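Text of the file work-v1.csv, holding CSV, C-alpha atoms (C1' of nucleotides):
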```
chain,number,residue,atom,x,y,z
A,1,MET,CA,-2.9,-6.0,-48.5
A,2,THR,CA,-5.9,-8.0,-49.6
A,3,PRO,CA,-8.3,-9.6,-47.3
A,4,THR,CA,-7.2,-13.2,-46.8
A,5,THR,CA,-10.4,-14.4,-45.3
A,6,THR,CA,-14.0,-14.0,-46.4
A,7,ASN,CA,-16.7,-13.7,-43.9
A,8,THR,CA,-19.1,-16.5,-44.5
A,9,ASN,CA,-21.2,-15.3,-41.7
A,10,GLU,CA,-23.7,-12.6,-42.5
A,11,ARG,CA,-22.9,-10.7,-39.4
A,12,PRO,CA,-19.8,-8.5,-39.4
A,13,LEU,CA,-17.2,-8.9,-36.8
A,14,LEU,CA,-15.8,-6.4,-34.3
A,15,VAL,CA,-12.4,-7.5,-33.1
A,16,VAL,CA,-11.8,-5.9,-29.7
A,17,VAL,CA,-8.1,-5.7,-28.7
A,18,LEU,CA,-7.8,-4.9,-25.0
A,19,GLY,CA,-5.2,-5.0,-22.3
A,20,PRO,CA,-3.6,-2.8,-19.6
A,21,THR,CA,-1.7,0.3,-20.4
A,22,GLY,CA,1.6,-0.3,-21.9
A,23,SER,CA,0.8,-3.8,-23.1
A,24,GLY,CA,1.4,-3.1,-26.8
A,25,LYS,CA,-2.3,-3.4,-27.8
A,26,THR,CA,-1.9,-0.5,-30.3
A,27,ASP,CA,0.8,-2.4,-32.1
A,28,LEU,CA,-1.2,-5.6,-32.2
A,29,ALA,CA,-4.3,-3.8,-33.4
A,30,VAL,CA,-2.5,-2.1,-36.2
A,31,ALA,CA,-1.0,-5.4,-37.3
A,32,ILE,CA,-4.4,-7.0,-37.3
A,33,ALA,CA,-6.2,-4.1,-39.0
A,34,HIS,CA,-3.4,-4.0,-41.6
A,35,HIS,CA,-3.7,-7.7,-42.2
A,36,PHE,CA,-7.4,-7.5,-42.8
A,37,SER,CA,-7.2,-4.2,-44.7
A,38,THR,CA,-9.6,-2.6,-42.4
A,39,GLU,CA,-9.8,0.3,-39.9
A,40,ILE,CA,-9.5,0.9,-36.2
A,41,ILE,CA,-11.9,2.5,-33.8
A,42,SER,CA,-10.4,3.5,-30.5
A,43,THR,CA,-12.1,2.5,-27.2
A,44,ASP,CA,-9.9,4.7,-25.1
A,45,SER,CA,-11.5,7.4,-23.0
A,46,ARG,CA,-8.5,9.8,-23.4
A,47,GLN,CA,-7.0,9.3,-26.8
A,48,PHE,CA,-9.8,11.1,-28.6
A,49,TYR,CA,-8.7,14.4,-27.3
A,50,LYS,CA,-6.4,16.7,-29.2
A,51,GLY,CA,-3.3,18.2,-27.6
A,52,MET,CA,-2.3,15.2,-25.5
A,53,PRO,CA,-0.7,12.7,-27.8
A,54,ILE,CA,2.3,11.9,-25.6
A,55,GLY,CA,0.6,11.4,-22.3
A,56,THR,CA,-2.2,9.3,-23.6
A,57,ALA,CA,0.1,7.3,-25.9
A,58,GLN,CA,-1.9,7.9,-29.0
A,59,PRO,CA,-0.9,5.9,-32.1
A,60,THR,CA,2.2,7.4,-33.9
A,61,ALA,CA,2.0,9.2,-37.2
A,62,GLU,CA,3.4,6.1,-38.8
A,63,GLN,CA,0.7,3.9,-37.3
A,64,LEU,CA,-2.0,6.4,-38.3
A,65,ALA,CA,-0.6,6.3,-41.8
A,66,ILE,CA,-0.7,2.5,-42.0
A,67,VAL,CA,-4.3,2.1,-40.8
A,68,PRO,CA,-7.1,4.7,-40.7
A,69,HIS,CA,-8.1,5.4,-37.1
A,70,HIS,CA,-11.3,6.7,-35.6
A,71,PHE,CA,-11.8,8.5,-32.3
A,72,ILE,CA,-8.1,9.5,-32.1
A,73,ALA,CA,-7.4,13.2,-31.4
A,74,ASP,CA,-10.7,14.2,-33.1
A,75,ARG,CA,-12.0,16.7,-30.5
A,76,LEU,CA,-10.9,19.3,-28.0
A,77,PRO,CA,-10.5,18.4,-24.3
A,78,GLU,CA,-13.3,20.9,-23.7
A,79,GLU,CA,-15.6,18.7,-25.7
A,80,GLU,CA,-15.8,15.9,-23.2
A,81,LEU,CA,-17.2,12.6,-24.4
A,82,SER,CA,-18.8,10.5,-21.8
A,83,ALA,CA,-19.2,6.7,-22.1
A,84,GLY,CA,-22.8,7.2,-23.1
A,85,GLY,CA,-22.0,9.8,-25.7
A,86,TYR,CA,-19.2,7.5,-26.9
A,87,GLU,CA,-21.7,4.6,-27.3
A,88,ARG,CA,-23.9,6.6,-29.6
A,89,GLU,CA,-21.1,8.2,-31.7
A,90,ALA,CA,-19.1,5.0,-31.9
A,91,LEU,CA,-22.1,2.9,-33.0
A,92,GLU,CA,-22.8,5.3,-35.8
A,93,ARG,CA,-19.3,5.3,-36.9
A,94,LEU,CA,-19.2,1.5,-36.8
A,95,GLU,CA,-22.2,1.3,-39.0
A,96,GLU,CA,-20.3,3.3,-41.6
A,97,LEU,CA,-17.2,1.1,-41.2
A,98,PHE,CA,-19.1,-2.1,-41.5
A,99,ALA,CA,-20.6,-0.8,-44.8
A,100,ARG,CA,-17.0,-1.1,-46.2
A,101,HIS,CA,-15.5,-3.9,-44.1
A,102,ASN,CA,-16.6,-7.1,-42.7
A,103,VAL,CA,-14.0,-6.9,-39.9
A,104,VAL,CA,-13.3,-3.8,-37.9
A,105,VAL,CA,-10.8,-3.5,-35.1
A,106,ALA,CA,-11.4,-1.7,-31.8
A,107,VAL,CA,-8.6,-1.0,-29.4
A,108,GLY,CA,-8.3,0.7,-26.1
A,109,GLY,CA,-8.0,0.3,-22.4
A,110,SER,CA,-11.2,1.8,-21.1
A,111,GLY,CA,-13.3,-1.1,-19.9
A,112,LEU,CA,-16.4,1.0,-19.5
A,113,TYR,CA,-16.2,2.3,-23.0
A,114,ILE,CA,-15.6,-1.2,-24.4
A,115,ASP,CA,-18.7,-2.3,-22.6
A,116,ALA,CA,-20.6,0.7,-23.8
A,117,LEU,CA,-19.8,-0.2,-27.4
A,118,CYS,CA,-20.2,-4.0,-27.2
A,119,GLU,CA,-23.1,-4.3,-24.7
A,120,GLY,CA,-24.6,-0.9,-24.5
A,121,PHE,CA,-26.2,1.1,-21.7
A,122,ASP,CA,-29.8,1.5,-20.6
A,123,ASP,CA,-31.7,4.5,-21.9
A,124,LEU,CA,-31.1,7.1,-19.2
A,125,PRO,CA,-31.5,10.8,-19.4
A,126,SER,CA,-28.6,12.2,-21.4
A,127,ASP,CA,-28.5,15.9,-20.7
A,128,THR,CA,-27.9,16.0,-17.0
A,129,ARG,CA,-25.0,18.4,-16.9
A,130,GLU,CA,-26.9,21.0,-14.8
A,131,VAL,CA,-28.3,18.5,-12.4
A,132,ARG,CA,-24.8,17.1,-11.9
A,133,GLU,CA,-23.2,20.4,-11.3
A,134,GLU,CA,-25.9,21.2,-8.7
A,135,LEU,CA,-25.2,17.9,-7.0
A,136,MET,CA,-21.5,18.5,-7.0
A,137,ARG,CA,-22.1,21.8,-5.3
A,138,ARG,CA,-24.3,20.2,-2.7
A,139,LEU,CA,-21.8,17.4,-2.2
A,140,SER,CA,-19.1,20.0,-1.2
A,141,GLU,CA,-21.5,22.1,0.9
A,142,GLU,CA,-23.7,19.5,2.5
A,143,GLY,CA,-21.5,16.5,2.5
A,144,LEU,CA,-22.0,13.0,1.2
A,145,GLU,CA,-24.3,11.9,4.1
A,146,ALA,CA,-27.0,14.4,3.0
A,147,LEU,CA,-26.9,13.1,-0.6
A,148,VAL,CA,-27.0,9.5,0.6
A,149,GLU,CA,-30.1,10.3,2.6
A,150,GLU,CA,-31.8,11.9,-0.4
A,151,LEU,CA,-31.0,8.9,-2.5
A,152,ARG,CA,-32.6,6.7,0.2
A,153,ALA,CA,-35.8,8.8,-0.1
A,154,ARG,CA,-35.8,8.7,-3.9
A,155,ASP,CA,-34.7,5.2,-4.5
A,156,GLU,CA,-34.4,2.9,-1.5
A,157,ALA,CA,-33.7,-0.1,-3.7
A,158,TYR,CA,-30.6,1.3,-5.2
A,159,TRP,CA,-29.6,2.9,-1.9
A,160,ALA,CA,-29.6,-0.6,-0.4
A,161,VAL,CA,-27.0,-1.9,-2.9
A,162,VAL,CA,-24.8,1.1,-3.8
A,163,ASP,CA,-21.4,1.8,-2.4
A,164,ARG,CA,-22.5,4.5,-0.1
A,165,LYS,CA,-19.0,5.7,0.5
A,166,ASN,CA,-18.4,6.5,-3.1
A,167,PRO,CA,-19.5,10.0,-4.0
A,168,ALA,CA,-19.3,9.3,-7.7
A,169,ARG,CA,-21.9,6.5,-7.4
A,170,ILE,CA,-24.2,8.5,-5.2
A,171,VAL,CA,-24.1,11.6,-7.4
A,172,ARG,CA,-24.8,9.6,-10.5
A,173,ALA,CA,-27.8,7.8,-9.1
A,174,LEU,CA,-29.3,11.0,-7.8
A,175,GLU,CA,-28.5,12.7,-11.1
A,176,VAL,CA,-30.6,10.1,-12.9
A,177,CYS,CA,-33.4,10.1,-10.3
A,178,ILE,CA,-33.7,13.9,-10.5
A,179,ALA,CA,-33.3,14.3,-14.3
A,180,SER,CA,-35.8,11.5,-15.1
A,181,GLY,CA,-38.1,11.9,-12.1
A,182,LEU,CA,-37.9,8.1,-11.7
A,183,PRO,CA,-35.9,5.9,-9.4
A,184,TYR,CA,-32.5,4.9,-10.9
A,185,SER,CA,-33.0,1.3,-10.0
A,186,THR,CA,-36.2,0.9,-12.1
A,187,GLN,CA,-34.3,2.1,-15.2
A,188,ARG,CA,-31.3,-0.2,-14.7
A,189,THR,CA,-31.9,-3.4,-16.6
A,190,ALA,CA,-28.3,-4.4,-16.9
A,191,GLN,CA,-29.4,-6.1,-20.1
A,192,LYS,CA,-27.0,-6.6,-23.0
A,193,ARG,CA,-28.1,-4.6,-26.0
A,194,GLU,CA,-28.6,-6.4,-29.3
A,195,ARG,CA,-25.8,-5.4,-31.7
A,196,PRO,CA,-25.8,-5.9,-35.5
A,197,PHE,CA,-22.3,-7.4,-35.3
A,198,ASP,CA,-20.4,-10.2,-33.5
A,199,VAL,CA,-17.6,-9.5,-31.1
A,200,VAL,CA,-14.3,-11.2,-30.4
A,201,LYS,CA,-12.2,-10.0,-27.6
A,202,LEU,CA,-8.5,-10.5,-27.6
A,203,GLY,CA,-6.5,-9.5,-24.5
A,204,VAL,CA,-2.8,-9.0,-24.3
A,205,LEU,CA,-1.5,-10.8,-21.2
A,206,TRP,CA,1.8,-9.9,-19.6
A,207,ASP,CA,3.7,-11.1,-16.6
A,208,ARG,CA,3.0,-8.4,-14.0
A,209,GLU,CA,6.7,-7.7,-13.2
A,210,GLU,CA,7.5,-7.4,-16.9
A,211,LEU,CA,4.5,-5.1,-17.5
A,212,TYR,CA,5.4,-2.8,-14.7
A,213,ASP,CA,9.0,-2.7,-16.0
A,214,ARG,CA,7.6,-1.7,-19.4
A,215,ILE,CA,5.4,0.9,-18.0
A,216,ASN,CA,8.2,2.5,-16.0
A,217,ARG,CA,10.4,2.6,-19.1
A,218,ARG,CA,7.6,4.0,-21.2
A,219,VAL,CA,7.0,6.8,-18.8
A,220,ASP,CA,10.7,7.7,-19.1
A,221,MET,CA,10.3,7.7,-22.8
A,222,MET,CA,7.3,10.0,-22.6
A,223,VAL,CA,9.2,12.4,-20.5
A,224,ALA,CA,12.1,12.3,-23.0
A,225,ASN,CA,9.6,13.0,-25.7
A,226,GLY,CA,8.3,16.1,-24.0
A,227,LEU,CA,5.5,15.1,-21.7
A,228,GLU,CA,6.3,18.0,-19.4
A,229,GLU,CA,5.8,20.6,-22.1
A,230,GLU,CA,2.6,18.8,-23.3
A,231,ALA,CA,1.3,19.0,-19.7
A,232,ARG,CA,2.2,22.6,-19.5
A,233,SER,CA,0.3,23.3,-22.7
A,234,VAL,CA,-2.9,22.0,-21.2
A,235,PHE,CA,-2.3,23.2,-17.7
A,236,HIS,CA,-5.1,25.9,-18.1
A,237,LEU,CA,-7.6,23.0,-18.7
A,238,ARG,CA,-6.7,21.2,-15.6
A,239,HIS,CA,-10.3,21.5,-14.2
A,240,LEU,CA,-11.7,19.4,-17.0
A,241,SER,CA,-12.3,15.8,-16.5
A,242,SER,CA,-10.5,15.0,-19.7
A,243,LEU,CA,-7.4,16.2,-17.8
A,244,GLN,CA,-8.0,14.1,-14.8
A,245,THR,CA,-5.5,11.8,-16.4
A,246,VAL,CA,-2.4,10.0,-15.3
A,247,GLY,CA,0.6,11.8,-16.7
A,248,TYR,CA,-0.9,15.2,-16.5
A,249,ARG,CA,-2.3,15.6,-12.9
A,250,GLU,CA,1.1,14.7,-11.5
A,251,PHE,CA,2.8,17.4,-13.6
A,252,PHE,CA,0.1,19.9,-12.6
A,253,ASP,CA,1.2,19.3,-9.0
A,254,TYR,CA,4.8,19.9,-10.0
A,255,PHE,CA,3.8,23.2,-11.7
A,256,ASP,CA,2.0,24.2,-8.5
A,257,GLY,CA,5.2,23.5,-6.6
A,258,THR,CA,3.8,20.9,-4.3
A,259,ILE,CA,6.1,18.2,-5.6
A,260,SER,CA,9.4,18.0,-7.4
A,261,GLN,CA,9.9,17.1,-11.0
A,262,GLU,CA,11.4,13.8,-10.1
A,263,GLY,CA,8.5,13.2,-7.7
A,264,ALA,CA,6.0,13.9,-10.4
A,265,ILE,CA,7.7,11.4,-12.8
A,266,GLU,CA,7.8,8.7,-10.0
A,267,LEU,CA,4.1,9.3,-9.4
A,268,VAL,CA,3.2,9.1,-13.1
A,269,LYS,CA,4.9,5.6,-13.0
A,270,ARG,CA,3.2,4.5,-9.9
A,271,ASN,CA,-0.2,5.7,-11.0
A,272,SER,CA,0.2,4.1,-14.4
A,273,ARG,CA,1.0,0.8,-12.7
A,274,ARG,CA,-2.1,1.1,-10.5
A,275,TYR,CA,-4.1,2.0,-13.5
A,276,ALA,CA,-2.9,-1.2,-15.3
A,277,LYS,CA,-3.8,-3.2,-12.2
A,278,ARG,CA,-7.3,-1.9,-12.2
A,279,GLN,CA,-7.7,-2.5,-15.9
A,280,MET,CA,-6.7,-6.1,-15.3
A,281,THR,CA,-9.3,-6.4,-12.6
A,282,TRP,CA,-11.9,-5.2,-15.0
A,283,PHE,CA,-10.8,-7.3,-17.9
A,284,ARG,CA,-10.6,-10.5,-15.9
A,285,ARG,CA,-14.4,-10.4,-15.4
A,286,ASP,CA,-15.1,-11.1,-19.0
A,287,THR,CA,-14.4,-14.8,-19.4
A,288,SER,CA,-15.0,-14.8,-23.1
A,289,THR,CA,-11.7,-12.9,-23.8
A,290,TYR,CA,-9.0,-14.8,-25.5
A,291,TRP,CA,-5.7,-14.0,-23.8
A,292,LEU,CA,-2.7,-13.9,-26.0
A,293,ALA,CA,1.0,-13.6,-25.3
A,294,PRO,CA,2.5,-10.2,-26.2
A,295,ASN,CA,3.2,-9.7,-29.9
A,296,ASP,CA,1.3,-12.8,-30.9
A,297,THR,CA,-0.1,-11.4,-34.0
A,298,ALA,CA,-0.3,-14.8,-35.7
A,299,GLY,CA,-2.3,-16.2,-32.8
A,300,ALA,CA,-4.7,-13.2,-33.0
A,301,ILE,CA,-5.2,-13.7,-36.7
A,302,ASP,CA,-5.9,-17.4,-36.3
A,303,ILE,CA,-8.6,-16.7,-33.7
A,304,ILE,CA,-10.2,-14.1,-35.9
A,305,ARG,CA,-10.1,-16.3,-39.0
A,306,GLU,CA,-11.7,-19.1,-37.0
A,307,LYS,CA,-14.5,-16.8,-35.9
A,308,LEU,CA,-15.1,-15.6,-39.5
A,309,GLU,CA,-15.3,-19.1,-40.9
A,310,LYS,CA,-17.6,-20.5,-38.2
B,1,G,C1',39.1,-1.8,24.8
B,2,G,C1',35.4,1.6,27.5
B,3,U,C1',30.8,4.5,27.9
B,4,G,C1',26.2,6.0,26.1
B,5,C,C1',22.1,5.6,22.7
B,6,G,C1',19.4,2.6,19.5
B,7,A,C1',17.3,-2.1,17.0
B,8,U,C1',9.3,-2.3,15.6
B,9,G,C1',5.9,-5.6,9.5
B,10,G,C1',8.6,-4.5,2.2
B,11,C,C1',9.7,0.9,3.8
B,12,C,C1',8.7,5.1,7.2
B,13,G,C1',7.1,5.6,12.1
B,14,A,C1',4.3,6.1,17.2
B,15,G,C1',3.5,3.4,21.4
B,16,U,C1',2.2,0.2,25.6
B,17,G,C1',3.2,-5.1,31.3
B,18,G,C1',-2.4,-7.9,29.0
B,19,C,C1',-6.7,-4.1,25.0
B,20,U,C1',-4.3,-5.7,16.5
B,21,A,C1',-1.4,3.1,16.2
B,22,G,C1',-0.9,5.3,11.7
B,23,G,C1',1.2,6.5,6.9
B,24,C,C1',3.5,4.7,2.3
B,25,A,C1',4.3,0.7,-1.0
B,26,A,C1',1.9,-3.8,-2.5
B,27,A,C1',-2.1,-7.3,-3.4
B,28,G,C1',-7.3,-8.4,-4.1
B,29,G,C1',-11.9,-6.3,-5.5
B,30,U,C1',-16.3,-3.0,-7.0
B,31,C,C1',-18.1,-0.7,-11.5
B,32,U,C1',-24.4,1.2,-16.8
B,33,G,C1',-22.8,8.4,-19.0
B,34,C,C1',-16.5,12.5,-15.1
B,35,A,C1',-14.0,5.7,-15.7
B,36,A,C1',-6.5,7.1,-17.1
B,37,A,C1',-12.3,8.6,-12.6
B,38,A,C1',-14.4,7.3,-7.9
B,39,C,C1',-14.6,3.8,-4.1
B,40,C,C1',-13.9,-0.8,-0.9
B,41,U,C1',-11.0,-4.8,1.5
B,42,U,C1',-6.4,-7.2,3.1
B,43,C,C1',-1.2,-7.3,4.9
B,44,U,C1',-1.2,-8.8,13.7
B,45,A,C1',5.5,-6.6,13.5
B,46,C,C1',8.3,-5.7,17.7
B,47,A,C1',17.0,-8.4,16.5
B,48,G,C1',18.4,-13.3,19.2
B,49,C,C1',18.7,-16.2,23.8
B,50,G,C1',17.6,-16.4,28.8
B,51,G,C1',15.2,-14.3,33.3
B,52,U,C1',11.2,-11.8,36.3
B,53,U,C1',5.7,-12.2,35.9
B,54,C,C1',-0.6,-15.3,35.8
B,55,G,C1',1.0,-12.7,31.2
B,56,A,C1',6.6,-9.3,28.0
B,57,U,C1',7.1,-6.1,22.0
B,58,U,C1',7.1,-3.2,26.7
B,59,C,C1',11.0,-4.7,32.8
B,60,C,C1',16.1,-7.2,33.9
B,61,G,C1',20.6,-9.8,32.0
B,62,C,C1',23.7,-11.5,28.2
B,63,U,C1',24.7,-11.9,22.8
B,64,U,C1',24.6,-9.8,17.9
B,65,C,C1',24.3,-5.5,14.8
B,66,G,C1',24.2,-0.1,14.0
B,67,C,C1',25.4,5.0,15.6
B,68,A,C1',28.0,8.5,18.7
B,69,C,C1',31.7,9.7,22.0
B,70,C,C1',36.1,8.4,24.9
B,71,U,C1',40.9,5.8,25.3
```
Here is the file; what I need is its structure written in the form of structure tokens.
Amino acid sequence: MTPTTTNTNERPLLVVVLGPTGSGKTDLAVAIAHHFSTEIISTDSRQFYKGMPIGTAQPTAEQLAIVPHHFIADRLPEEELSAGGYEREALERLEELFARHNVVVAVGGSGLYIDALCEGFDDLPSDTREVREELMRRLSEEGLEALVEELRARDEAYWAVVDRKNPARIVRALEVCIASGLPYSTQRTAQKRERPFDVVKLGVLWDREELYDRINRRVDMMVANGLEEEARSVFHLRHLSSLQTVGYREFFDYFDGTISQEGAIELVKRNSRRYAKRQMTWFRRDTSTYWLAPNDTAGAIDIIREKLEK
RNA sequence: GGUGCGAUGGCCGAGUGGCUAGGCAAAGGUCUGCAAAACCUUCUACAGCGGUUCGAUUCCGCUUCGCACCU
């Protein structure tokens, strides 16, 4: 298909398609990308791993054949890609894509990764793996309180505002303090990074009940398509954060014998619903998002065209 | 027909003459490198009607419903 719109603006456009899990954003993104004869870059924190196509609902072979995709099943689960690493890699890839297209489509449900791509992070130490591991060890041995106290000593300003009950936040702050030798708070500017492209965000909005119903049915479909076998094939990788994923953890518990197979499936459904709810909480914050009815490809194309002509 | 036991929030479930058990589900929210992660908040119920009492979800009576047993 030929491009139906020319970009009169000198800046290229990144069309971000977002929405909760099971909202049909992949279909919409493929339709949009196909219409504009362009490519898709995934903003999903799990779909870039190999060996987990069913549970992470990666695009189908047909969809991949229609539109070239990036960051889909292109690395092993052992090669974990953090949001920061994703920001760097995805920006590089986008530069290549914008050399060939004036519109590129991004799709995915990971709010943090979308923000990393569109707004960027501050420059914080990147290789903190060892520091983190040490902190995790201390967390389990000394407890959260000890780490909170250390954070207070190293960065009282951040200590005053963090969620002190959340180990993940405490560990991350300490990790940055220790790795950089500077307080985390002085390095957090929360400033949006300048990007060489414009962004339009299109959200797929569902009625909650309907979405939950879709999610439940989609899980049944995944099970019918072999989710259990897929989970078994990555069972030995369960300790990796790439496998701390809805659809796998529940089956791991089933393999352990702590829950039944039926129970695992029910939990996959419930956890998928909760995930969708959290995604919506995240997405609602961005008031610049255009919310579309499900399957409203025409509406999406109209908005994009308007952006390009403006 | 009789006797006994029971009736607690969407569900499970403990308990008490005055002091919102708890769990699950759900809803709302937080979010700058594990994010499909991690974490926070909210949801004051005691079947109905009377009675006793300063005060009843808790005690008494009746009614309704459920379960069990007897005839």
Excluding A35 in chain B and residues on its chain fewer than 3 positions from it, collect all residues at most 8 Å away from it, counting all atoms listed in the file, and give them as number ranges by chain.
A: 45, 110, 112; B: 38
Which of A:Ala146, A:Ile303, A:Leu124, A:Ile41 sits closest to Phe98 in chain A [using all atoms listed in the file]
A:Ile41
Neighbouring residues of C69 in chain B were defined as those with any atom within 12 Å, considering all atoms listed in the file; residues of the same chain fewer than 4 positions away were excluded. Please report them as a PyMOL selection string.
chain B and resi 2-5
Pick out the chain B residues within 6 Å of chain A. Count all atoms listed in the file. Give them as a short mmCIF file (atom, residue, chain, number, x, y, z; two decimals) with C-alpha atoms (C1' of nucleotides), in the coordinates of the input.
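Output saved as out27.cif:
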```cif
data_model
loop_
_atom_site.label_atom_id
_atom_site.label_comp_id
_atom_site.auth_asym_id
_atom_site.auth_seq_id
_atom_site.Cartn_x
_atom_site.Cartn_y
_atom_site.Cartn_z
"C1'" U B 32 -24.40 1.20 -16.80
"C1'" G B 33 -22.80 8.40 -19.00
"C1'" C B 34 -16.50 12.50 -15.10
"C1'" A B 36 -6.50 7.10 -17.10
"C1'" A B 38 -14.40 7.30 -7.90
"C1'" C B 39 -14.60 3.80 -4.10
#
```
Pick out the residues sitting within 12 Å of Thr297 in chain A, and hand them over as a list of chain:residue names; count only C-alpha atoms (C1' of nucleotides), and ignore anything fewer than 4 positions along from it in its own chain.
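Once the adjacent positions are removed, what remains is A:Val17, A:Gly24, A:Lys25, A:Thr26, A:Asp27, A:Leu28, A:Ala29, A:Val30, A:Ala31, A:Ile32, A:Ala33, A:His34, A:His35, A:Leu202, A:Gly203, A:Val204, A:Trp291, A:Leu292, A:Ala293, A:Ile301, A:Asp302, A:Ile303, A:Ile304.
Between CA of Ala153 in chain A and CA of Glu130 in chain A lies a distance of 21.1 Å.
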